[in-house]
Each structure stands twice: as structure tokens, then as C-alpha cells.
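J.: Shown below is the structure under consideration.
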Amino acid sequence: MQILGNRVLVRKLVEETKEGFQTVDVNDPFLNKGVVEDAATGSQFMIGKTILFAKYSPDTHDYEDKKIVSVDDILAIL
């Protein structure tokens, strides 16, 4: 897959318990936190960085267990 335009591919962060279960707290304000796995040409510097992105956006698309997010919807690089 090749990311086009001003978008990045983000893997959402989830916490693992001691038993190995993945949990997501739906009340967590940082539910929209993830790691950039791939990016379009102009955004390559963000690969591997943890970001906060807008929770609700018309430019955010689900892809398998990841999201394709517009660079305009990235709120912060942590």
C-alpha cells in the first residue's frame, strides 16, 4: 500500500494487561493516540512518532486495525 496526498497510516495504541488482553478505555480522552507506521512523501519525518489526532474527522478512514489520517487532523507529535 502506498499512502497518497497529505495522509499518514496510524496504528492505534492499546494497553495490554498482565494476562495479555488488550484493553481500550472508551472514556480515555487520548483514545485518538497512535504511532505513525507509513506516510506520504512530504510526511516521512513522522514515521515511528507517537501522535494525537482528531477523534472525529471526515478525512479519517479505518483500514484493518489501523487508521488513515490526514496530516491536517494531527493535533500533536508526542
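Order determines the names: the first chain of the C-alpha cells is A, the second B, and so forth; residues in each chain are numbered 1 upward, and ligands are numbered 1 upward as they are shown.
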Residues within 7 Å of Leu78 (chain A), please, as a PyMOL selection string. Count only C-alpha atoms; anything in the same chain fewer than 2 positions from it doesn't count.
T.: chain A and resi 50-51+76
J.: Do you have the CA of Phe53 (chain A)-CA of Asp73 (chain A) distance handy?
T.: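 Going from CA of Phe53 (chain A) over to CA of Asp73 (chain A), I get 5.6 Å.
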J.: At a cut-off of 12 Å, using only C-alpha atoms, what residues contact region 35-48 of chain A? Leave out same-chain residues fewer than 4 positions from it and give the result as JSON, numbers by chain.
T.: {"A": [1, 2, 3, 4, 5, 6, 7, 8, 9, 10, 11, 12, 13, 14, 52, 53, 66, 67, 68, 69, 70, 71, 72, 74, 76, 77, 78]}
J.: Since we have the selection now, will you write its residues out, keeping N, CA and C atoms, as a PDB file, in the first residue's frame?
T.:
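Result went into again-v3.pdb, see below:
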ATOM      1  N   MET A   1       0.852  -1.168   0.000  1.00  0.00           N
ATOM      2  CA  MET A   1       0.000   0.000   0.000  1.00  0.00           C
ATOM      3  C   MET A   1       0.900   1.234   0.000  1.00  0.00           C
ATOM      4  N   GLN A   2       0.496   2.224  -0.757  1.00  0.00           N
ATOM      5  CA  GLN A   2       1.226   3.488  -0.798  1.00  0.00           C
ATOM      6  C   GLN A   2       0.280   4.596  -0.336  1.00  0.00           C
ATOM      7  N   ILE A   3       0.704   5.353   0.656  1.00  0.00           N
ATOM      8  CA  ILE A   3      -0.093   6.460   1.182  1.00  0.00           C
ATOM      9  C   ILE A   3       0.066   7.652   0.246  1.00  0.00           C
ATOM     10  N   LEU A   4      -1.047   8.253  -0.127  1.00  0.00           N
ATOM     11  CA  LEU A   4      -1.027   9.372  -1.064  1.00  0.00           C
ATOM     12  C   LEU A   4      -1.509  10.656  -0.402  1.00  0.00           C
ATOM     13  N   GLY A   5      -1.209  11.772  -1.035  1.00  0.00           N
ATOM     14  CA  GLY A   5      -1.681  13.060  -0.545  1.00  0.00           C
ATOM     15  C   GLY A   5      -0.987  13.455   0.743  1.00  0.00           C
ATOM     16  N   ASN A   6      -1.733  14.114   1.604  1.00  0.00           N
ATOM     17  CA  ASN A   6      -1.180  14.562   2.887  1.00  0.00           C
ATOM     18  C   ASN A   6      -1.729  13.682   4.008  1.00  0.00           C
ATOM     19  N   ARG A   7      -1.515  12.357   3.906  1.00  0.00           N
ATOM     20  CA  ARG A   7      -2.066  11.413   4.874  1.00  0.00           C
ATOM     21  C   ARG A   7      -0.967  10.550   5.477  1.00  0.00           C
ATOM     22  N   VAL A   8      -1.282   9.992   6.654  1.00  0.00           N
ATOM     23  CA  VAL A   8      -0.391   9.047   7.321  1.00  0.00           C
ATOM     24  C   VAL A   8      -1.200   7.823   7.735  1.00  0.00           C
ATOM     25  N   LEU A   9      -0.523   6.683   7.861  1.00  0.00           N
ATOM     26  CA  LEU A   9      -1.131   5.451   8.343  1.00  0.00           C
ATOM     27  C   LEU A   9      -0.769   5.310   9.810  1.00  0.00           C
ATOM     28  N   VAL A  10      -1.791   5.222  10.688  1.00  0.00           N
ATOM     29  CA  VAL A  10      -1.575   5.231  12.127  1.00  0.00           C
ATOM     30  C   VAL A  10      -2.074   3.923  12.739  1.00  0.00           C
ATOM     31  N   ARG A  11      -1.231   3.318  13.587  1.00  0.00           N
ATOM     32  CA  ARG A  11      -1.644   2.164  14.382  1.00  0.00           C
ATOM     33  C   ARG A  11      -2.031   2.681  15.754  1.00  0.00           C
ATOM     34  N   LYS A  12      -3.300   2.469  16.114  1.00  0.00           N
ATOM     35  CA  LYS A  12      -3.770   2.984  17.407  1.00  0.00           C
ATOM     36  C   LYS A  12      -3.082   2.257  18.551  1.00  0.00           C
ATOM     37  N   LEU A  13      -2.802   2.976  19.625  1.00  0.00           N
ATOM     38  CA  LEU A  13      -2.170   2.392  20.800  1.00  0.00           C
ATOM     39  C   LEU A  13      -3.231   1.792  21.717  1.00  0.00           C
ATOM     40  N   VAL A  14      -2.991   0.583  22.165  1.00  0.00           N
ATOM     41  CA  VAL A  14      -3.851  -0.070  23.146  1.00  0.00           C
ATOM     42  C   VAL A  14      -2.958  -0.604  24.250  1.00  0.00           C
ATOM     43  N   LEU A  52      -1.140  12.518  18.470  1.00  0.00           N
ATOM     44  CA  LEU A  52      -2.552  12.667  18.819  1.00  0.00           C
ATOM     45  C   LEU A  52      -3.237  13.182  17.572  1.00  0.00           C
ATOM     46  N   PHE A  53      -4.378  12.557  17.227  1.00  0.00           N
ATOM     47  CA  PHE A  53      -5.091  13.009  16.038  1.00  0.00           C
ATOM     48  C   PHE A  53      -6.548  13.251  16.370  1.00  0.00           C
ATOM     49  N   LYS A  66      -5.921  -0.277  11.606  1.00  0.00           N
ATOM     50  CA  LYS A  66      -5.215   0.997  11.560  1.00  0.00           C
ATOM     51  C   LYS A  66      -6.146   2.082  11.037  1.00  0.00           C
ATOM     52  N   LYS A  67      -5.662   3.297  11.039  1.00  0.00           N
ATOM     53  CA  LYS A  67      -6.427   4.424  10.505  1.00  0.00           C
ATOM     54  C   LYS A  67      -5.558   5.201   9.530  1.00  0.00           C
ATOM     55  N   ILE A  68      -6.201   5.715   8.501  1.00  0.00           N
ATOM     56  CA  ILE A  68      -5.535   6.636   7.591  1.00  0.00           C
ATOM     57  C   ILE A  68      -6.019   8.027   7.978  1.00  0.00           C
ATOM     58  N   VAL A  69      -5.087   8.878   8.378  1.00  0.00           N
ATOM     59  CA  VAL A  69      -5.407  10.182   8.957  1.00  0.00           C
ATOM     60  C   VAL A  69      -4.769  11.277   8.110  1.00  0.00           C
ATOM     61  N   SER A  70      -5.516  12.333   7.875  1.00  0.00           N
ATOM     62  CA  SER A  70      -4.984  13.497   7.171  1.00  0.00           C
ATOM     63  C   SER A  70      -3.997  14.229   8.093  1.00  0.00           C
ATOM     64  N   VAL A  71      -2.933  14.742   7.505  1.00  0.00           N
ATOM     65  CA  VAL A  71      -1.946  15.491   8.292  1.00  0.00           C
ATOM     66  C   VAL A  71      -2.599  16.691   8.964  1.00  0.00           C
ATOM     67  N   ASP A  72      -3.615  17.262   8.347  1.00  0.00           N
ATOM     68  CA  ASP A  72      -4.322  18.402   8.935  1.00  0.00           C
ATOM     69  C   ASP A  72      -5.038  18.044  10.238  1.00  0.00           C
ATOM     70  N   ILE A  74      -3.774  15.963  12.545  1.00  0.00           N
ATOM     71  CA  ILE A  74      -2.814  15.651  13.591  1.00  0.00           C
ATOM     72  C   ILE A  74      -2.703  16.845  14.514  1.00  0.00           C
ATOM     73  N   ALA A  76      -0.892  16.828  17.616  1.00  0.00           N
ATOM     74  CA  ALA A  76       0.400  16.958  18.292  1.00  0.00           C
ATOM     75  C   ALA A  76       1.261  15.733  18.006  1.00  0.00           C
ATOM     76  N   ILE A  77       2.578  15.953  17.996  1.00  0.00           N
ATOM     77  CA  ILE A  77       3.539  14.860  17.967  1.00  0.00           C
ATOM     78  C   ILE A  77       4.097  14.769  19.381  1.00  0.00           C
ATOM     79  N   LEU A  78       3.946  13.613  19.998  1.00  0.00           N
ATOM     80  CA  LEU A  78       4.363  13.457  21.395  1.00  0.00           C
ATOM     81  C   LEU A  78       5.820  13.028  21.501  1.00  0.00           C
TER      82      LEU A  78
END
